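Below is the file final.txt, which contains compact mmCIF, C-alpha atoms.
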# COMPACT_ATOMS: atom_id res chain seq x y z
CA MET D 206 58.72 31.78 22.95
CA LYS D 207 58.75 34.76 20.58
CA HIS D 208 56.67 32.83 18.07
CA LEU D 209 54.11 31.93 20.73
CA LEU D 210 53.70 35.58 21.78
CA LEU D 211 53.44 36.64 18.14
CA ALA D 212 50.78 33.98 17.50
CA ILE D 213 48.77 35.15 20.53
CA CYS D 214 48.98 38.78 19.44
CA LEU D 215 47.82 37.92 15.94
CA ALA D 216 45.02 35.65 17.16
CA VAL D 217 43.52 38.15 19.61
CA PRO D 218 42.34 41.50 18.24
CA LEU D 219 43.87 44.49 20.02
CA TYR D 220 40.49 45.82 21.16
CA ALA D 221 39.87 42.62 23.10
CA LEU D 222 43.01 42.84 25.24
CA CYS D 223 42.37 43.44 28.92
CA ILE D 224 44.79 45.75 30.66
CA PRO D 225 45.00 45.51 34.46
CA ALA D 226 44.80 48.73 36.47
CA LYS D 227 44.31 49.57 40.13
CA VAL D 228 41.34 51.80 41.00
CA VAL D 229 42.33 54.60 43.38
CA ARG D 230 39.15 56.70 43.45
CA VAL D 231 35.54 56.45 42.33
CA ILE D 232 34.13 59.79 41.14
CA ASP D 233 30.53 58.76 40.47
CA GLY D 234 28.51 55.78 39.28
CA ASP D 235 30.24 55.55 35.91
CA THR D 236 33.64 57.26 36.28
CA PHE D 237 36.76 56.45 38.29
CA VAL D 238 40.50 57.14 38.48
CA ILE D 239 43.24 54.54 38.10
CA GLU D 240 46.72 54.62 39.64
CA THR D 241 48.23 56.28 36.54
CA GLY D 242 45.96 59.27 37.23
CA GLU D 243 43.84 58.63 34.15
CA HIS D 244 40.08 58.95 34.40
CA VAL D 245 38.04 56.02 33.10
CA ARG D 246 34.45 56.37 31.88
CA VAL D 247 32.66 53.03 32.00
CA ILE D 248 31.43 52.14 28.49
CA GLY D 249 27.79 51.44 27.75
CA ILE D 250 26.18 52.74 30.93
CA ASN D 251 24.99 56.03 32.34
CA ALA D 252 24.62 56.35 36.10
CA PRO D 253 22.59 59.12 37.76
CA GLU D 254 24.43 62.40 38.28
CA MET D 255 25.69 63.09 41.79
CA LYS D 256 23.15 65.90 42.34
CA THR D 257 20.20 63.56 41.75
CA VAL D 258 18.53 61.29 44.27
CA TYR D 259 20.33 58.13 43.13
CA GLY D 260 23.73 59.72 42.40
CA GLU D 261 25.33 58.84 45.73
CA PRO D 262 23.90 55.28 45.89
CA ALA D 263 25.20 54.62 42.35
CA LYS D 264 28.66 55.87 43.34
CA GLN D 265 28.63 53.75 46.51
CA HIS D 266 27.64 50.67 44.54
CA LEU D 267 30.47 51.16 42.06
CA MET D 268 32.85 51.67 45.01
CA VAL D 269 31.82 48.32 46.48
CA LEU D 270 32.46 46.65 43.13
CA ILE D 271 35.84 48.21 42.20
CA ASN D 272 37.38 50.69 44.68
CA GLY D 273 40.93 49.72 45.67
CA LYS D 274 40.80 46.64 43.45
CA THR D 275 42.79 45.74 40.39
CA VAL D 276 40.41 45.70 37.45
CA ASP D 277 40.79 44.63 33.84
CA LEU D 278 40.05 47.40 31.34
CA GLU D 279 38.93 46.40 27.87
CA ASN D 280 38.44 48.55 24.77
CA ASP D 281 35.32 48.41 22.64
CA HIS D 282 35.99 48.08 18.91
CA ILE D 283 33.00 50.30 17.99
CA SER D 284 33.50 53.11 20.51
CA ALA D 285 36.25 55.71 20.50
CA ASP D 286 39.27 55.27 22.77
CA LYS D 287 38.43 58.44 24.75
CA ASP D 288 35.38 60.64 25.24
CA LYS D 289 35.22 64.40 24.65
CA TYR D 290 36.55 65.01 28.19
CA GLY D 291 39.66 62.88 27.58
CA ARG D 292 38.49 59.99 29.76
CA LEU D 293 39.35 56.46 28.69
CA LEU D 294 36.25 54.57 27.51
CA ARG D 295 36.50 51.01 28.78
CA TYR D 296 34.62 47.90 29.80
CA VAL D 297 35.57 47.04 33.38
CA PHE D 298 36.00 43.53 34.75
CA VAL D 299 36.72 42.29 38.28
CA ASP D 300 37.49 38.58 38.57
CA GLY D 301 35.85 38.02 35.19
CA VAL D 302 32.62 39.86 36.13
CA ASP D 303 31.49 42.62 33.75
CA VAL D 304 31.13 45.58 36.16
CA ASP D 305 29.37 47.74 33.57
CA LYS D 306 26.65 45.14 33.11
CA GLN D 307 26.48 44.53 36.88
CA MET D 308 25.73 48.22 37.53
CA VAL D 309 22.83 48.05 35.07
CA LYS D 310 21.67 44.66 36.34
CA ASP D 311 21.60 45.93 39.94
CA GLY D 312 19.61 49.00 38.92
CA TYR D 313 22.29 51.65 39.54
CA ALA D 314 22.73 52.68 35.89
CA ILE D 315 20.94 52.59 32.57
CA ALA D 316 22.14 51.10 29.30
CA PHE D 317 23.57 54.16 27.54
CA LEU D 318 22.22 53.51 24.06
CA LYS D 319 22.87 57.06 22.83
CA PHE D 320 26.24 55.79 21.58
CA ARG D 321 26.96 52.53 19.76
CA PHE D 322 28.92 49.83 21.57
CA ASP D 323 29.42 46.07 21.28
CA LYS D 324 27.35 44.96 24.25
CA ALA D 325 24.32 47.21 23.72
CA GLU D 326 21.78 44.37 23.48
CA GLU D 327 23.16 42.63 26.59
CA TYR D 328 22.98 45.83 28.64
CA LYS D 329 19.53 46.71 27.31
CA GLN D 330 18.27 43.30 28.44
CA SER D 331 19.87 43.78 31.87
CA GLU D 332 18.14 47.15 32.20
CA LEU D 333 14.76 45.62 31.34
CA GLU D 334 15.28 42.96 34.03
CA ALA D 335 16.24 45.59 36.63
CA ARG D 336 13.15 47.63 35.71
CA GLN D 337 10.89 44.60 36.08
CA LYS D 338 12.39 43.77 39.47
CA LYS D 339 12.22 47.48 40.51
CA LEU D 340 15.86 47.53 41.57
CA GLY D 341 17.81 50.67 42.47
CA ILE D 342 16.74 53.63 40.35
CA TRP D 343 13.71 51.69 39.13
CA LEU D 344 12.17 51.46 42.61
CA ASN D 345 9.75 54.29 41.72
CA ASN D 346 9.78 53.60 37.97
CA GLY D 347 12.85 55.82 37.56
CA ASN D 348 10.95 59.06 38.24
CA GLU D 349 13.74 60.62 40.34
CA ILE D 350 16.57 60.01 37.86
CA TYR D 351 16.36 63.30 36.07
CA SER D 352 14.85 65.48 38.82
CA VAL D 353 17.80 67.93 38.78
CA LYS D 354 17.59 68.23 35.00
CA LYS D 355 13.89 69.12 35.30
CA ALA D 356 14.66 71.69 38.01
CA ARG D 357 17.29 73.33 35.81
CA THR D 358 14.80 73.47 32.94
CA ARG D 359 12.22 75.19 35.16
CA GLN D 360 14.79 77.79 36.25
CA HIS D 361 15.67 78.45 32.63
CA VAL D 362 11.98 78.83 31.71
CA TRP D 363 11.44 81.36 34.51
CA ARG D 364 14.46 83.44 33.47
CA THR D 365 13.39 83.37 29.83
CA ILE D 366 9.82 84.41 30.65
CA ARG D 367 11.05 87.36 32.69
CA GLN D 368 13.46 88.44 29.95
CA ILE D 369 11.01 88.13 27.05
CA PHE D 370 8.02 89.76 28.69
CA LYS D 371 10.03 92.14 30.92
CA ILE D 372 7.85 91.34 33.91
CA SER D 373 8.42 91.16 37.65
CA VAL D 374 9.12 87.98 39.58
CA ALA D 375 5.47 87.83 40.71
CA GLY D 376 4.29 88.20 37.11
CA ALA D 377 6.70 85.49 35.99
CA ILE D 378 5.43 83.16 38.72
CA ILE D 379 1.81 83.65 37.65
CA PHE D 380 2.73 83.18 34.00
CA ALA D 381 4.81 80.05 34.76
CA ILE D 382 2.05 78.46 36.86
CA ALA D 383 -0.46 79.05 34.06
CA PHE D 384 2.03 77.67 31.52
CA PHE D 385 2.77 74.49 33.50
CA LEU D 386 -0.93 73.91 34.27
CA PHE D 387 -1.76 74.23 30.58
CA LYS D 388 1.13 71.92 29.67
CA ASN D 389 0.06 69.27 32.22
CA LEU D 390 -3.60 69.43 31.19
CA ARG D 391 -2.61 69.06 27.55
CA ALA D 392 -0.39 66.05 28.37
CA LYS D 393 -3.22 64.39 30.34
CA SER D 394 -5.72 64.90 27.52
CA ASN D 395 -3.24 63.40 25.03
CA ARG D 396 -2.83 60.31 27.27
CA GLN D 397 -6.59 59.84 27.53
CA GLN D 398 -7.05 59.84 23.74
Show me the file's structure as structure tokens.
Amino acid sequence: MKHLLLAICLAVPLYALCIPAKVVRVIDGDTFVIETGEHVRVIGINAPEMKTVYGEPAKQHLMVLINGKTVDLENDHISADKDKYGRLLRYVFVDGVDVDKQMVKDGYAIAFLKFRFDKAEEYKQSELEARQKKLGIWLNNGNEIYSVKKARTRQHVWRTIRQIFKISVAGAIIFAIAFFLFKNLRAKSNRQQ
């Protein structure tokens, strides 16, 4: 029996071992908590933030797939074990189904190609299919995904304008409108060329 276990351990690389864990809470569309209290960040995908239009639907979809269930967590041999926030980075499987890929395939997350991982091409293809079918976040070509990020950028621009030019709120508004009009006109003329 010992020899059989040793042979299995030697035959299967450590990164490919699936470890079962029960999901106790889903935080958002790509993060959840297991019964040990550890936070798990799903590898290879990026779901919309909770403050964006599709944040809550992405979270709900992940809840349907994994909440309260025992999942299999698998390491990626390219990615780190944990992210900068101390969350475990794992592929997630339920009854043999790749949950990470399913989130992308159903249009509730994008393939997170900013970082390298084993299944990048698979997830990229799933994202293209979801885009073509206009599923989930791709319903309106993904325009709402980063709406909060854009809003934060606008607030930062307004504050910066007021600080640099030492002008009133009304002056900043006029300056900002002129700036954004110029920026949009320039972008349109670049598209037409």
In Å to one decimal, how far is CA of Lys310 (chain D) from CA of Glu334 (chain D)?
->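 So the two atoms, CA of Glu334 (chain D) and CA of Lys310 (chain D), lie 7.0 Å apart.
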Find the residue from D:Tyr313, D:Trp343, D:Phe320, D:Phe298 that sits nearest to Lys264 (chain D); use only C-alpha atoms when measuring.
->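 Using only C-alpha atoms, the shortest distance to Lys264 (chain D) belongs to D:Tyr313.
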Proximity of region 265-341 of chain D to region 222-240 of chain D: per-residue shortest pair, 7 Å limit, all atoms listed in the file, as a Markdown table:
| residue | atom | partner | partner_atom | distance |
| --- | --- | --- | --- | --- |
| D:Leu267 | CA | D:Gly234 | CA | 5.7 |
| D:Met268 | CA | D:Val231 | CA | 6.1 |
| D:Ile271 | CA | D:Val228 | CA | 6.7 |
| D:Asn272 | CA | D:Val228 | CA | 5.5 |
| D:Gly273 | CA | D:Val228 | CA | 5.1 |
| D:Lys274 | CA | D:Lys227 | CA | 5.7 |
| D:Thr275 | CA | D:Lys227 | CA | 4.1 |
| D:Val276 | CA | D:Ala226 | CA | 5.4 |
| D:Asp277 | CA | D:Pro225 | CA | 4.3 |
| D:Leu278 | CA | D:Ile224 | CA | 5.1 |
| D:Glu279 | CA | D:Cys223 | CA | 4.7 |
Between CA of Tyr296 (chain D) and CA of Gly249 (chain D), distance in Å (one decimal) |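 Value for the CA of Tyr296 (chain D)-CA of Gly249 (chain D) distance: 8.0 Å.
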Kindly give the distance, in Å, that separates CA of Ile248 (chain D) and CA of Val309 (chain D), rounded to a single decimal.
->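 One can read the CA of Ile248 (chain D) to CA of Val309 (chain D) distance as 11.6 Å.
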Fewer than 2 positions away in the same chain doesn't count, so skip those; otherwise give me all residues within 10 Å of Leu333 (chain D), counting all atoms listed in the file, as JSON, numbers by chain.
-> {"D": [309, 310, 312, 315, 316, 328, 329, 330, 331, 335, 336, 337, 338, 339, 343]}
Would you mind listing what lies within 7 Å of Leu294 (chain D) as a list in words, with only C-alpha atoms counted and same-chain residues fewer than 6 positions away left out?
->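 So, after excluding close chain neighbours, the residues are Val245, Arg246, Val247, Ile248, Asn280, Asp286, Lys287 and Asp288 of chain D.
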Between D:Lys319, D:Lys289, D:Arg295, D:His266, which is the closest to Asn251 (chain D) once you count all atoms listed in the file?
-> D:Lys319
Need the axis-aligned box for region 332-346 of chain D with 4 Å each side, so what are the centre and edges in Å to one decimal, as lines of an AutoDock Vina configuration file?
center_x = 13.9
center_y = 48.6
center_z = 37.0
size_x = 16.4
size_y = 19.3
size_z = 19.3
From the list D:Arg321, D:Gly242, D:Asn389, D:Glu332, which residue is nearest Ile283 (chain D) when using only C-alpha atoms?
-> D:Arg321
